[in-house]
file data08.txt (compact mmCIF, C-alpha atoms)
# COMPACT_ATOMS: atom_id res chain seq x y z
CA MET A 16 -2.87 -32.06 -11.85
CA ALA A 17 -5.72 -29.67 -12.45
CA ARG A 18 -7.32 -27.83 -15.34
CA TYR A 19 -6.83 -24.05 -15.42
CA GLY A 20 -8.40 -21.37 -17.57
CA VAL A 21 -6.20 -18.29 -17.80
CA LEU A 22 -7.96 -15.20 -19.11
CA GLY A 23 -5.56 -12.69 -20.64
CA THR A 24 -2.57 -12.96 -22.95
CA GLY A 25 -0.36 -10.20 -21.55
CA THR A 26 2.85 -10.73 -19.63
CA VAL A 27 0.99 -11.71 -16.46
CA GLY A 28 -1.32 -14.19 -18.20
CA ARG A 29 1.48 -15.83 -20.16
CA THR A 30 3.78 -16.02 -17.13
CA ILE A 31 1.10 -17.63 -14.95
CA ALA A 32 0.04 -19.99 -17.74
CA THR A 33 3.60 -21.10 -18.41
CA LYS A 34 4.23 -21.72 -14.71
CA LEU A 35 1.06 -23.81 -14.47
CA ILE A 36 2.23 -25.93 -17.41
CA GLU A 37 5.65 -26.38 -15.79
CA LEU A 38 3.88 -27.57 -12.64
CA GLY A 39 2.16 -30.29 -14.66
CA HIS A 40 -1.28 -28.72 -15.04
CA GLU A 41 -3.43 -28.33 -18.15
CA VAL A 42 -4.03 -24.74 -19.23
CA TRP A 43 -6.47 -23.15 -21.63
CA MET A 44 -5.51 -19.56 -22.38
CA GLY A 45 -8.43 -17.31 -23.20
CA SER A 46 -8.53 -14.11 -25.19
CA ARG A 47 -11.21 -11.97 -26.78
CA GLN A 48 -11.17 -14.00 -29.96
CA ALA A 49 -9.80 -17.50 -30.51
CA GLY A 50 -6.70 -17.74 -32.67
CA GLY A 51 -5.06 -14.50 -31.56
CA GLU A 52 -1.36 -14.20 -32.23
CA LYS A 53 -0.07 -14.12 -28.64
CA ALA A 54 -2.25 -16.97 -27.39
CA THR A 55 -1.53 -19.14 -30.43
CA GLU A 56 2.19 -18.60 -30.10
CA TRP A 57 2.07 -19.33 -26.38
CA ALA A 58 0.08 -22.53 -26.84
CA ALA A 59 2.44 -23.76 -29.57
CA GLU A 60 5.47 -23.22 -27.34
CA ALA A 61 3.87 -24.56 -24.18
CA GLY A 62 3.19 -28.04 -25.56
CA GLU A 63 0.41 -30.55 -25.52
CA ARG A 64 -1.15 -29.60 -22.19
CA ALA A 65 -1.72 -26.07 -23.50
CA SER A 66 -4.70 -24.84 -25.51
CA GLU A 67 -6.08 -21.48 -26.50
CA GLY A 68 -9.48 -20.10 -27.36
CA ASP A 69 -11.90 -17.36 -26.50
CA PHE A 70 -12.69 -16.31 -22.94
CA ALA A 71 -15.73 -18.60 -22.75
CA ALA A 72 -13.81 -21.69 -23.89
CA ALA A 73 -11.04 -21.06 -21.37
CA ALA A 74 -13.51 -20.46 -18.54
CA GLU A 75 -15.49 -23.56 -19.38
CA PHE A 76 -12.32 -25.68 -19.45
CA GLY A 77 -10.90 -24.46 -16.15
CA GLU A 78 -11.65 -26.06 -12.80
CA VAL A 79 -9.96 -22.90 -11.55
CA VAL A 80 -10.03 -19.70 -13.61
CA VAL A 81 -7.43 -16.94 -13.40
CA ASN A 82 -8.35 -13.36 -14.30
CA ALA A 83 -5.18 -11.90 -15.79
CA THR A 84 -6.89 -9.41 -18.08
CA ALA A 85 -6.28 -5.66 -17.86
CA GLY A 86 -8.17 -4.54 -14.78
CA THR A 87 -10.23 -1.88 -16.51
CA ALA A 88 -11.38 -4.49 -19.07
CA SER A 89 -11.91 -7.36 -16.63
CA LEU A 90 -15.65 -7.01 -16.11
CA ALA A 91 -16.28 -7.06 -19.87
CA ALA A 92 -13.95 -10.03 -20.30
CA LEU A 93 -15.68 -11.99 -17.54
CA GLU A 94 -19.08 -11.19 -19.06
CA GLN A 95 -17.76 -12.65 -22.32
CA ALA A 96 -16.41 -15.63 -20.41
CA GLY A 97 -19.97 -16.33 -19.34
CA PRO A 98 -21.16 -16.38 -15.73
CA PRO A 99 -22.38 -20.00 -16.03
CA ASN A 100 -18.86 -21.07 -17.00
CA LEU A 101 -17.58 -19.54 -13.76
CA ALA A 102 -20.35 -20.59 -11.35
CA GLY A 103 -19.05 -22.52 -8.35
CA LYS A 104 -15.45 -22.17 -9.48
CA VAL A 105 -12.50 -20.50 -7.81
CA LEU A 106 -11.85 -17.30 -9.77
CA LEU A 107 -8.38 -16.05 -8.91
CA ASP A 108 -8.33 -12.33 -9.66
CA ILE A 109 -4.79 -11.01 -10.07
CA ALA A 110 -5.68 -7.88 -12.06
CA ASN A 111 -5.17 -4.25 -11.08
CA PRO A 112 -7.72 -1.68 -12.32
CA LEU A 113 -5.03 0.72 -13.55
CA ASP A 114 -6.51 3.54 -15.61
CA PHE A 115 -3.94 5.16 -17.89
CA SER A 116 -6.47 7.38 -19.68
CA GLY A 117 -5.31 10.44 -17.73
CA GLY A 118 -1.63 9.74 -18.45
CA MET A 119 1.05 8.72 -15.97
CA PRO A 120 0.88 7.85 -13.18
CA PRO A 121 -2.26 5.75 -13.58
CA THR A 122 -5.21 6.09 -11.24
CA LEU A 123 -7.39 3.19 -10.05
CA GLY A 124 -10.66 2.59 -11.87
CA PHE A 125 -12.24 1.13 -8.71
CA VAL A 126 -11.04 2.58 -5.43
CA ASN A 127 -11.68 3.62 -1.83
CA ASP A 128 -15.25 2.37 -1.22
CA THR A 129 -14.98 -0.46 -3.75
CA SER A 130 -12.36 -2.52 -5.60
CA LEU A 131 -12.08 -4.61 -8.73
CA GLY A 132 -12.30 -7.76 -6.64
CA GLU A 133 -15.61 -6.68 -5.13
CA GLU A 134 -17.00 -5.56 -8.49
CA ILE A 135 -16.18 -8.98 -9.96
CA GLN A 136 -17.78 -10.80 -7.03
CA THR A 137 -20.91 -8.63 -7.40
CA ALA A 138 -21.09 -9.25 -11.15
CA LEU A 139 -20.53 -13.00 -10.65
CA PRO A 140 -22.27 -13.91 -7.38
CA ASP A 141 -21.88 -17.64 -8.06
CA ALA A 142 -18.12 -17.47 -8.61
CA ARG A 143 -15.75 -17.93 -5.65
CA VAL A 144 -13.58 -14.85 -6.18
CA VAL A 145 -10.17 -14.67 -4.51
CA LYS A 146 -7.93 -11.63 -4.91
CA ALA A 147 -4.24 -12.44 -4.76
CA LEU A 148 -0.84 -11.81 -6.35
CA ASN A 149 -1.69 -8.34 -7.70
CA THR A 150 0.94 -6.80 -5.40
CA VAL A 151 3.97 -8.17 -7.26
CA ASN A 152 5.15 -8.29 -10.85
CA ALA A 153 4.61 -11.36 -13.01
CA SER A 154 8.06 -12.80 -12.46
CA VAL A 155 7.82 -12.62 -8.66
CA MET A 156 4.26 -14.03 -8.71
CA VAL A 157 5.46 -17.40 -9.93
CA ASP A 158 8.97 -17.37 -8.44
CA PRO A 159 9.06 -15.54 -5.11
CA SER A 160 12.29 -17.35 -4.22
CA GLN A 161 14.14 -15.07 -6.65
CA LEU A 162 13.99 -12.48 -3.86
CA ALA A 163 16.68 -12.30 -1.20
CA GLU A 164 14.27 -13.06 1.68
CA PRO A 165 10.82 -14.60 2.03
CA THR A 166 8.17 -11.93 1.42
CA ASP A 167 4.42 -11.62 1.87
CA VAL A 168 1.40 -12.13 -0.34
CA PHE A 169 -2.27 -11.47 0.41
CA VAL A 170 -5.49 -13.40 -0.22
CA CYS A 171 -8.96 -11.84 0.03
CA GLY A 172 -12.33 -13.46 -0.54
CA ASN A 173 -15.67 -14.47 0.92
CA ASP A 174 -15.10 -18.23 0.59
CA ASP A 175 -12.57 -19.71 3.03
CA LEU A 176 -12.19 -22.94 1.09
CA ALA A 177 -11.53 -21.01 -2.11
CA LYS A 178 -8.83 -19.02 -0.31
CA GLU A 179 -7.32 -22.27 0.91
CA GLU A 180 -7.25 -23.65 -2.64
CA VAL A 181 -5.51 -20.48 -3.81
CA ALA A 182 -3.05 -20.71 -0.92
CA LEU A 183 -2.13 -24.24 -2.05
CA LEU A 184 -1.50 -22.93 -5.56
CA LEU A 185 0.60 -20.07 -4.18
CA ALA A 186 2.62 -22.62 -2.23
CA GLU A 187 3.18 -24.52 -5.51
CA PHE A 188 4.55 -21.25 -6.90
CA GLY A 189 6.99 -21.11 -3.99
CA TRP A 190 5.28 -18.79 -1.49
CA GLU A 191 5.91 -19.68 2.15
CA ARG A 192 2.74 -20.86 3.80
CA ASP A 193 3.00 -18.54 6.80
CA ARG A 194 3.55 -15.53 4.54
CA ILE A 195 0.29 -16.03 2.67
CA ARG A 196 -1.87 -13.51 4.57
CA ASP A 197 -5.64 -13.95 4.69
CA LEU A 198 -6.95 -10.38 4.92
CA GLY A 199 -10.63 -11.30 5.15
CA ASP A 200 -13.58 -10.97 2.80
CA ILE A 201 -13.48 -9.69 -0.75
CA ALA A 202 -13.91 -6.08 0.45
CA SER A 203 -10.41 -6.41 1.89
CA ALA A 204 -9.18 -6.44 -1.74
CA ARG A 205 -9.20 -2.66 -1.39
CA GLY A 206 -6.00 -3.05 0.61
CA PRO A 207 -3.83 -4.86 -1.95
CA GLU A 208 -5.36 -2.90 -4.84
CA MET A 209 -4.79 0.51 -3.26
CA TYR A 210 -1.20 -0.51 -2.55
CA LEU A 211 -0.47 -0.22 -6.27
CA PRO A 212 0.43 3.50 -6.25
CA LEU A 213 3.06 2.78 -3.58
CA TRP A 214 4.31 -0.21 -5.56
CA LEU A 215 4.67 1.91 -8.71
CA ARG A 216 6.55 4.69 -6.92
CA THR A 217 8.79 2.20 -5.13
CA MET A 218 9.59 0.64 -8.50
CA ASN A 219 10.56 4.08 -9.78
CA ALA A 220 12.65 4.82 -6.68
CA THR A 221 14.49 1.48 -6.64
CA GLY A 222 14.74 1.09 -10.40
CA THR A 223 13.39 -2.45 -10.51
CA PRO A 224 10.02 -4.20 -10.54
CA ALA A 225 11.59 -7.30 -8.97
CA PHE A 226 10.85 -6.57 -5.32
CA ASN A 227 8.25 -7.24 -2.69
CA VAL A 228 7.54 -6.35 0.91
CA ARG A 229 8.21 -8.46 3.96
CA ILE A 230 6.09 -7.80 7.03
CA VAL A 231 8.25 -7.37 10.13
CA GLY A 232 6.91 -7.46 13.68
CA GLU A 233 8.38 -6.68 17.04
CA GLN A 234 11.72 -7.92 18.32
CA GLY A 235 11.40 -10.71 20.80
CA SER A 236 7.85 -11.60 19.73
CA ASP A 237 6.85 -14.52 17.57
CA PRO A 238 7.25 -13.56 13.89
CA LEU A 239 4.00 -12.21 12.48
CA MET B 18 18.86 21.47 19.02
CA ALA B 19 15.98 22.88 17.04
CA ARG B 20 12.54 24.36 17.67
CA TYR B 21 9.57 22.26 16.61
CA GLY B 22 5.89 23.06 16.42
CA VAL B 23 3.75 19.94 16.69
CA LEU B 24 0.15 20.43 15.59
CA GLY B 25 -2.20 17.87 17.14
CA THR B 26 -2.59 16.42 20.62
CA GLY B 27 -3.60 12.85 19.77
CA THR B 28 -1.41 9.80 20.28
CA VAL B 29 0.70 10.60 17.23
CA GLY B 30 1.26 14.24 18.16
CA ARG B 31 2.12 13.47 21.77
CA THR B 32 4.43 10.58 20.82
CA ILE B 33 6.35 12.70 18.31
CA ALA B 34 6.51 15.66 20.67
CA THR B 35 7.82 13.54 23.53
CA LYS B 36 10.48 11.98 21.32
CA LEU B 37 11.61 15.42 20.15
CA ILE B 38 11.97 16.53 23.78
CA GLU B 39 13.96 13.37 24.57
CA LEU B 40 16.26 14.21 21.66
CA GLY B 41 16.98 17.59 23.22
CA HIS B 42 14.76 19.78 21.07
CA GLU B 43 12.29 22.47 22.10
CA VAL B 44 8.66 21.70 21.27
CA TRP B 45 5.52 23.81 21.17
CA MET B 46 2.44 21.64 20.96
CA GLY B 47 -0.47 23.27 19.18
CA SER B 48 -4.18 22.59 19.47
CA ARG B 49 -7.35 24.36 18.40
CA GLN B 50 -7.43 26.42 21.58
CA ALA B 51 -4.61 27.16 24.01
CA GLY B 52 -4.92 25.53 27.42
CA GLY B 53 -6.57 22.32 26.31
CA GLU B 54 -6.38 19.42 28.74
CA LYS B 55 -4.22 17.04 26.71
CA ALA B 56 -1.69 19.66 25.62
CA THR B 57 -1.44 21.19 29.08
CA GLU B 58 -0.89 17.79 30.67
CA TRP B 59 1.71 16.89 28.05
CA ALA B 60 3.62 20.16 28.49
CA ALA B 61 3.64 19.79 32.27
CA GLU B 62 5.07 16.27 32.05
CA ALA B 63 7.54 17.05 29.27
CA GLY B 64 9.46 19.69 31.19
CA GLU B 65 10.89 23.10 30.57
CA ARG B 66 11.62 22.69 26.86
CA ALA B 67 7.91 22.00 26.25
CA SER B 68 5.17 24.58 25.69
CA GLU B 69 1.60 24.48 24.47
CA GLY B 70 -0.69 26.94 22.75
CA ASP B 71 -3.00 27.30 19.78
CA PHE B 72 -2.06 26.15 16.28
CA ALA B 73 -0.77 29.60 15.32
CA ALA B 74 1.53 29.90 18.34
CA ALA B 75 2.99 26.43 17.72
CA ALA B 76 3.51 27.13 14.02
CA GLU B 77 5.13 30.48 14.70
CA PHE B 78 7.49 28.90 17.24
CA GLY B 79 8.62 25.99 15.09
CA GLU B 80 11.57 26.13 12.74
CA VAL B 81 10.07 22.84 11.58
CA VAL B 82 6.33 22.17 11.94
CA VAL B 83 4.78 18.70 12.20
CA ASN B 84 1.19 18.13 11.08
CA ALA B 85 -0.12 15.42 13.40
CA THR B 86 -3.76 16.49 13.30
CA ALA B 87 -6.53 14.17 12.13
CA GLY B 88 -6.17 14.06 8.35
CA THR B 89 -9.71 15.14 7.56
CA ALA B 90 -9.25 18.20 9.82
CA SER B 91 -5.70 19.08 8.74
CA LEU B 92 -6.52 21.76 6.16
CA ALA B 93 -8.67 23.66 8.67
CA ALA B 94 -5.98 23.29 11.35
CA LEU B 95 -3.28 24.60 9.01
CA GLU B 96 -5.48 27.53 8.01
CA GLN B 97 -5.79 28.33 11.72
CA ALA B 98 -2.04 27.92 12.10
CA GLY B 99 -1.68 30.73 9.57
CA PRO B 100 0.09 30.40 6.23
CA PRO B 101 2.59 33.19 7.10
CA ASN B 102 3.69 31.18 10.16
CA LEU B 103 4.49 28.25 7.85
CA ALA B 104 6.06 30.10 4.92
CA GLY B 105 9.52 28.86 4.06
CA LYS B 106 9.42 26.19 6.76
CA VAL B 107 9.61 22.42 6.50
CA LEU B 108 6.09 21.13 7.17
CA LEU B 109 6.31 17.42 7.98
CA ASP B 110 2.89 15.94 7.23
CA ILE B 111 2.37 12.61 8.98
CA ALA B 112 -1.45 12.62 8.87
CA ASN B 113 -3.75 10.18 7.09
CA PRO B 114 -7.05 11.49 5.70
CA LEU B 115 -9.07 8.65 7.23
CA ASP B 116 -12.81 9.28 6.95
CA PHE B 117 -14.82 7.29 9.49
CA SER B 118 -18.13 8.97 8.65
CA GLY B 119 -19.30 5.92 6.71
CA GLY B 120 -18.33 3.52 9.52
CA MET B 121 -15.58 0.91 9.47
CA PRO B 122 -13.38 0.43 7.60
CA PRO B 123 -12.58 4.10 6.93
CA THR B 124 -12.19 5.47 3.43
CA LEU B 125 -9.69 8.15 2.40
CA GLY B 126 -10.90 11.74 2.19
CA PHE B 127 -8.35 12.54 -0.52
CA VAL B 128 -7.45 9.70 -2.86
CA ASN B 129 -6.48 8.44 -6.29
CA ASP B 130 -5.89 11.67 -8.26
CA THR B 131 -4.92 13.67 -5.17
CA SER B 132 -3.71 13.19 -1.59
CA LEU B 133 -3.67 15.07 1.68
CA GLY B 134 -0.02 15.93 1.12
CA GLU B 135 -0.80 17.56 -2.22
CA GLU B 136 -3.83 19.41 -0.85
CA ILE B 137 -1.69 20.85 1.94
CA GLN B 138 1.04 21.92 -0.50
CA THR B 139 -1.59 23.57 -2.71
CA ALA B 140 -3.17 25.38 0.26
CA LEU B 141 0.26 26.48 1.53
CA PRO B 142 2.38 27.13 -1.55
CA ASP B 143 5.14 28.76 0.52
CA ALA B 144 5.51 25.85 2.94
CA ARG B 145 7.99 23.07 2.16
CA VAL B 146 5.69 20.08 2.64
CA VAL B 147 7.20 16.62 3.17
CA LYS B 148 5.01 13.56 3.60
CA ALA B 149 6.54 10.88 5.80
CA LEU B 150 5.89 8.44 8.66
CA ASN B 151 2.16 8.02 7.93
CA THR B 152 2.73 4.32 7.08
CA VAL B 153 3.49 3.18 10.64
CA ASN B 154 1.90 3.60 14.04
CA ALA B 155 3.08 6.26 16.48
CA SER B 156 5.28 3.91 18.47
CA VAL B 157 7.17 2.65 15.39
CA MET B 158 7.52 6.19 14.00
CA VAL B 159 9.84 7.24 16.81
CA ASP B 160 11.38 3.83 17.59
CA PRO B 161 11.75 1.70 14.46
CA SER B 162 14.39 -0.42 16.20
CA GLN B 163 11.63 -2.08 18.23
CA LEU B 164 11.00 -4.15 15.09
CA ALA B 165 12.91 -7.37 14.50
CA GLU B 166 14.56 -6.16 11.27
CA PRO B 167 15.26 -2.77 9.68
CA THR B 168 12.18 -1.63 7.73
CA ASP B 169 11.37 1.10 5.23
CA VAL B 170 9.92 4.59 5.44
CA PHE B 171 9.00 6.97 2.63
CA VAL B 172 9.52 10.70 2.04
CA CYS B 173 7.64 12.68 -0.61
CA GLY B 174 7.93 16.38 -1.42
CA ASN B 175 8.80 19.00 -3.99
CA ASP B 176 11.80 20.40 -2.08
CA ASP B 177 14.86 18.16 -2.02
CA LEU B 178 16.52 20.04 0.83
CA ALA B 179 13.34 19.78 2.91
CA LYS B 180 13.30 16.01 2.31
CA GLU B 181 16.93 15.85 3.39
CA GLU B 182 16.12 17.73 6.60
CA VAL B 183 13.29 15.28 7.30
CA ALA B 184 15.60 12.36 6.55
CA LEU B 185 18.03 13.64 9.17
CA LEU B 186 15.20 13.82 11.69
CA LEU B 187 14.10 10.29 10.77
CA ALA B 188 17.67 9.14 11.33
CA GLU B 189 17.52 10.75 14.79
CA PHE B 190 14.41 8.63 15.40
CA GLY B 191 16.41 5.52 14.49
CA TRP B 192 15.52 4.94 10.85
CA GLU B 193 18.37 3.52 8.77
CA ARG B 194 19.55 6.03 6.21
CA ASP B 195 19.37 3.64 3.24
CA ARG B 196 15.80 2.63 4.16
CA ILE B 197 14.48 6.19 3.97
CA ARG B 198 13.00 6.08 0.45
CA ASP B 199 12.61 9.28 -1.54
CA LEU B 200 9.56 8.60 -3.72
CA GLY B 201 9.64 11.92 -5.59
CA ASP B 202 7.45 15.01 -5.54
CA ILE B 203 4.50 15.64 -3.27
CA ALA B 204 2.14 13.87 -5.71
CA SER B 205 3.95 10.68 -4.77
CA ALA B 206 2.26 11.02 -1.34
CA ARG B 207 -0.62 9.16 -3.00
CA GLY B 208 1.48 6.02 -2.60
CA PRO B 209 2.03 6.04 1.17
CA GLU B 210 -1.47 7.42 1.80
CA MET B 211 -3.25 4.81 -0.33
CA TYR B 212 -1.25 2.11 1.46
CA LEU B 213 -3.36 2.74 4.58
CA PRO B 214 -6.16 0.31 3.71
CA LEU B 215 -3.56 -2.47 3.38
CA TRP B 216 -1.95 -1.39 6.64
CA LEU B 217 -5.30 -1.50 8.45
CA ARG B 218 -6.17 -4.95 7.12
CA THR B 219 -2.70 -6.28 7.88
CA MET B 220 -3.09 -4.98 11.43
CA ASN B 221 -6.37 -6.89 11.67
CA ALA B 222 -4.82 -10.04 10.22
CA THR B 223 -1.70 -10.00 12.39
CA GLY B 224 -3.40 -8.67 15.51
CA THR B 225 -0.88 -5.90 16.16
CA PRO B 226 -0.20 -2.34 14.97
CA ALA B 227 3.51 -2.77 15.77
CA PHE B 228 4.75 -3.83 12.34
CA ASN B 229 6.17 -2.37 9.17
CA VAL B 230 7.26 -3.52 5.76
CA ARG B 231 10.76 -4.19 4.59
CA ILE B 232 11.44 -3.90 0.86
CA VAL B 233 13.26 -6.96 -0.45
CA GLY B 234 15.00 -7.13 -3.83
CA GLU B 235 16.52 -9.91 -5.85
CA GLN B 236 18.92 -12.48 -4.54
CA GLY B 237 22.49 -11.84 -5.58
CA SER B 238 21.86 -8.17 -6.37
CA ASP B 239 22.82 -5.22 -4.22
CA PRO B 240 20.13 -4.66 -1.58
CA LEU B 241 17.56 -2.14 -2.80
call {"tool": "encode", "arguments": {"input": "data08.txt", "output": "structure tokens"}}
result
Amino acid sequence: MARYGVLGTGTVGRTIATKLIELGHEVWMGSRQAGGEKATEWAAEAGERASEGDFAAAAEFGEVVVNATAGTASLAALEQAGPPNLAGKVLLDIANPLDFSGGMPPTLGFVNDTSLGEEIQTALPDARVVKALNTVNASVMVDPSQLAEPTDVFVCGNDDLAKEEVALLLAEFGWERDRIRDLGDIASARGPEMYLPLWLRTMNATGTPAFNVRIVGEQGSDPL
Amino acid sequence: MARYGVLGTGTVGRTIATKLIELGHEVWMGSRQAGGEKATEWAAEAGERASEGDFAAAAEFGEVVVNATAGTASLAALEQAGPPNLAGKVLLDIANPLDFSGGMPPTLGFVNDTSLGEEIQTALPDARVVKALNTVNASVMVDPSQLAEPTDVFVCGNDDLAKEEVALLLAEFGWERDRIRDLGDIASARGPEMYLPLWLRTMNATGTPAFNVRIVGEQGSDPL
């Protein structure tokens, strides 16, 4: 059992927080101001291992902190959370910097020669940032076995031990160990983040957000 | 049997051109100047249905034209090919606008609120541009059955009939009909093009370029 701070009260934050409670962990959900409607309702339903408060309280509580805020607001939220509350901790960044200000489809607020993951690591040099899970919808994040075949998920970060801790959490969520792909340092977060436009168009083409990709290698070789 | 113009003499251009010859088509390979070493060698090896010349000659010859030039040079190559030689024709764009000028990893020369596919369609309003095949390496493009399971490929373009013509060609290459995904208009090319950074990092992580992704939907539902 571990203590998690989950920053963000949207679908992704609530889904992750609920899954962590189900797995036996303690969770503090953080939002801009303590006592917000969504966080309060979530904490009441989630039971005695669940608390809510502002970003700083959640970050301070967590041994591991999850960034599930809207990607374009993440840097401000993490500043509010307080860099000292995040120093030395695994910061699992699952946000996508989707910018809807120009209408649909969204563009990416950080892209090409940077990424949200890198911007967070730069802003919080003492945090151990790991990018993961941003390539699937909230439901698949915490229950990949709902899909018809095992699929792939990516981890990116500068700290190998932090990536290993995240991989163990992903395995708790049901991800197969050999399909958790270590892409390298935090700059490799550009890969999973820039995949989002393809994800969005595939969702439109297939009519469902409940999908993921499975990496397939050559016939007759060992599976990748 | 059809007549194809293939613009570009790199690995992708030569692989596509050779496959088209094997399938019984006629192919004119185009490069910046007629008589270049790679194109001449290719045409000599490929037999009597193969020719080579400059971009304009290849484009004029093709009933369908394939853009297999380096993505950052494609607009210049297509200008040389001559817009009248491309008017009304299916222009299959398989290039990626990878910019290596800043070192490794490459960035994308067109990205986020545009794409190479869109820039080509804008430059050549009378061509019927279809983006496809840029998400796999040359070998997988023309032989997807080398992979251990059926995988997915994407088509993007404003002209539904042009996409259907490309889908028939992809089927000739061995792609399964229900895994050829129509993502929508040419602006949807942002999806497959922005996937490249993830492709490159997955290649690094798995150690091979011979892979692709398979889209997996929910258990108990119809396959996507």
call {"tool": "closest_atom_pairs", "arguments": {"input": "data08.txt", "of": "chain A", "to": "chain B", "cutoff": "7 Å", "atoms": "all atoms listed in the file", "output": "JSON lines"}}
result
{"residue": "A:Thr122", "atom": "CA", "partner": "B:Asn129", "partner_atom": "CA", "distance": 5.6}
{"residue": "A:Leu123", "atom": "CA", "partner": "B:Asn129", "partner_atom": "CA", "distance": 6.5}
{"residue": "A:Asn127", "atom": "CA", "partner": "B:Thr124", "partner_atom": "CA", "distance": 5.6}
{"residue": "A:Asp128", "atom": "CA", "partner": "B:Thr124", "partner_atom": "CA", "distance": 6.4}
{"residue": "A:Gln161", "atom": "CA", "partner": "B:Glu235", "partner_atom": "CA", "distance": 5.7}
{"residue": "A:Leu162", "atom": "CA", "partner": "B:Glu235", "partner_atom": "CA", "distance": 4.1}
{"residue": "A:Ala163", "atom": "CA", "partner": "B:Gln236", "partner_atom": "CA", "distance": 4.0}
{"residue": "A:Glu164", "atom": "CA", "partner": "B:Val233", "partner_atom": "CA", "distance": 6.5}
{"residue": "A:Asp197", "atom": "CA", "partner": "B:Ala222", "partner_atom": "CA", "distance": 6.8}
{"residue": "A:Leu198", "atom": "CA", "partner": "B:Ala222", "partner_atom": "CA", "distance": 5.7}
{"residue": "A:Ser203", "atom": "CA", "partner": "B:Arg218", "partner_atom": "CA", "distance": 6.9}
{"residue": "A:Arg205", "atom": "CA", "partner": "B:Pro214", "partner_atom": "CA", "distance": 6.6}
{"residue": "A:Gly206", "atom": "CA", "partner": "B:Leu215", "partner_atom": "CA", "distance": 3.7}
{"residue": "A:Pro207", "atom": "CA", "partner": "B:Leu215", "partner_atom": "CA", "distance": 5.8}
{"residue": "A:Met209", "atom": "CA", "partner": "B:Met211", "partner_atom": "CA", "distance": 5.4}
{"residue": "A:Tyr210", "atom": "CA", "partner": "B:Tyr212", "partner_atom": "CA", "distance": 4.8}
{"residue": "A:Pro212", "atom": "CA", "partner": "B:Gly208", "partner_atom": "CA", "distance": 4.6}
{"residue": "A:Leu213", "atom": "CA", "partner": "B:Gly208", "partner_atom": "CA", "distance": 3.7}
{"residue": "A:Arg216", "atom": "CA", "partner": "B:Leu200", "partner_atom": "CA", "distance": 5.9}
{"residue": "A:Thr217", "atom": "CA", "partner": "B:Leu200", "partner_atom": "CA", "distance": 6.6}
{"residue": "A:Ala220", "atom": "CA", "partner": "B:Leu200", "partner_atom": "CA", "distance": 5.7}
{"residue": "A:Thr221", "atom": "CA", "partner": "B:Leu241", "partner_atom": "CA", "distance": 6.1}
{"residue": "A:Ala225", "atom": "CA", "partner": "B:Gly234", "partner_atom": "CA", "distance": 6.2}
{"residue": "A:Phe226", "atom": "CA", "partner": "B:Gly234", "partner_atom": "CA", "distance": 4.4}
{"residue": "A:Asn227", "atom": "CA", "partner": "B:Val233", "partner_atom": "CA", "distance": 5.5}
{"residue": "A:Val228", "atom": "CA", "partner": "B:Ile232", "partner_atom": "CA", "distance": 4.6}
{"residue": "A:Arg229", "atom": "CA", "partner": "B:Arg231", "partner_atom": "CA", "distance": 5.0}
{"residue": "A:Ile230", "atom": "CA", "partner": "B:Val230", "partner_atom": "CA", "distance": 4.6}
{"residue": "A:Val231", "atom": "CA", "partner": "B:Phe228", "partner_atom": "CA", "distance": 5.4}
{"residue": "A:Gly232", "atom": "CA", "partner": "B:Phe228", "partner_atom": "CA", "distance": 4.4}
{"residue": "A:Glu233", "atom": "CA", "partner": "B:Leu164", "partner_atom": "CA", "distance": 4.1}
{"residue": "A:Gln234", "atom": "CA", "partner": "B:Ala165", "partner_atom": "CA", "distance": 4.0}
{"residue": "A:Leu239", "atom": "CA", "partner": "B:Thr223", "partner_atom": "CA", "distance": 6.1}
call {"tool": "atom_distance", "arguments": {"input": "data08.txt", "atom1": "CA of Leu107 (chain A)", "atom2": "CA of Val145 (chain A)"}}
result
4.9 Å
call {"tool": "atom_distance", "arguments": {"input": "data08.txt", "atom1": "CA of Leu38 (chain A)", "atom2": "CA of Leu90 (chain A)"}}
result
28.6 Å
call {"tool": "closest_residue", "arguments": {"input": "data08.txt", "among": "B:Lys55, B:Arg49, B:Arg66, B:Lys148", "to": "Ala90 (chain B)", "atoms": "only C-alpha atoms"}}
result
B:Arg49
call {"tool": "axis_aligned_box", "arguments": {"input": "data08.txt", "around": "region 224-237 of chain A", "padding_each_side": "8 Å", "output": "AutoDock Vina command-line options"}}
result
--center_x 8.9 --center_y -9.4 --center_z 5.1 --size_x 21.6 --size_y 26.3 --size_z 47.3
call {"tool": "atom_distance", "arguments": {"input": "data08.txt", "atom1": "CA of Leu141 (chain B)", "atom2": "CA of Val82 (chain B)"}}
result
12.8 Å
call {"tool": "residues_around", "arguments": {"input": "data08.txt", "residues": "region 19-21 of chain B", "least_positions_apart": "5", "cutoff": "6 Å", "atoms": "only C-alpha atoms", "output": "number ranges by chain"}}
result
B: 42-44, 79-82
call {"tool": "residues_around", "arguments": {"input": "data08.txt", "residues": "Thr84 (chain A)", "least_positions_apart": "2", "cutoff": "12 Å", "atoms": "only C-alpha atoms", "output": "MDAnalysis selection string"}}
result
chainID A and resid 21:29 31 44:47 70 80:82 86:93 96 107:113 131 149
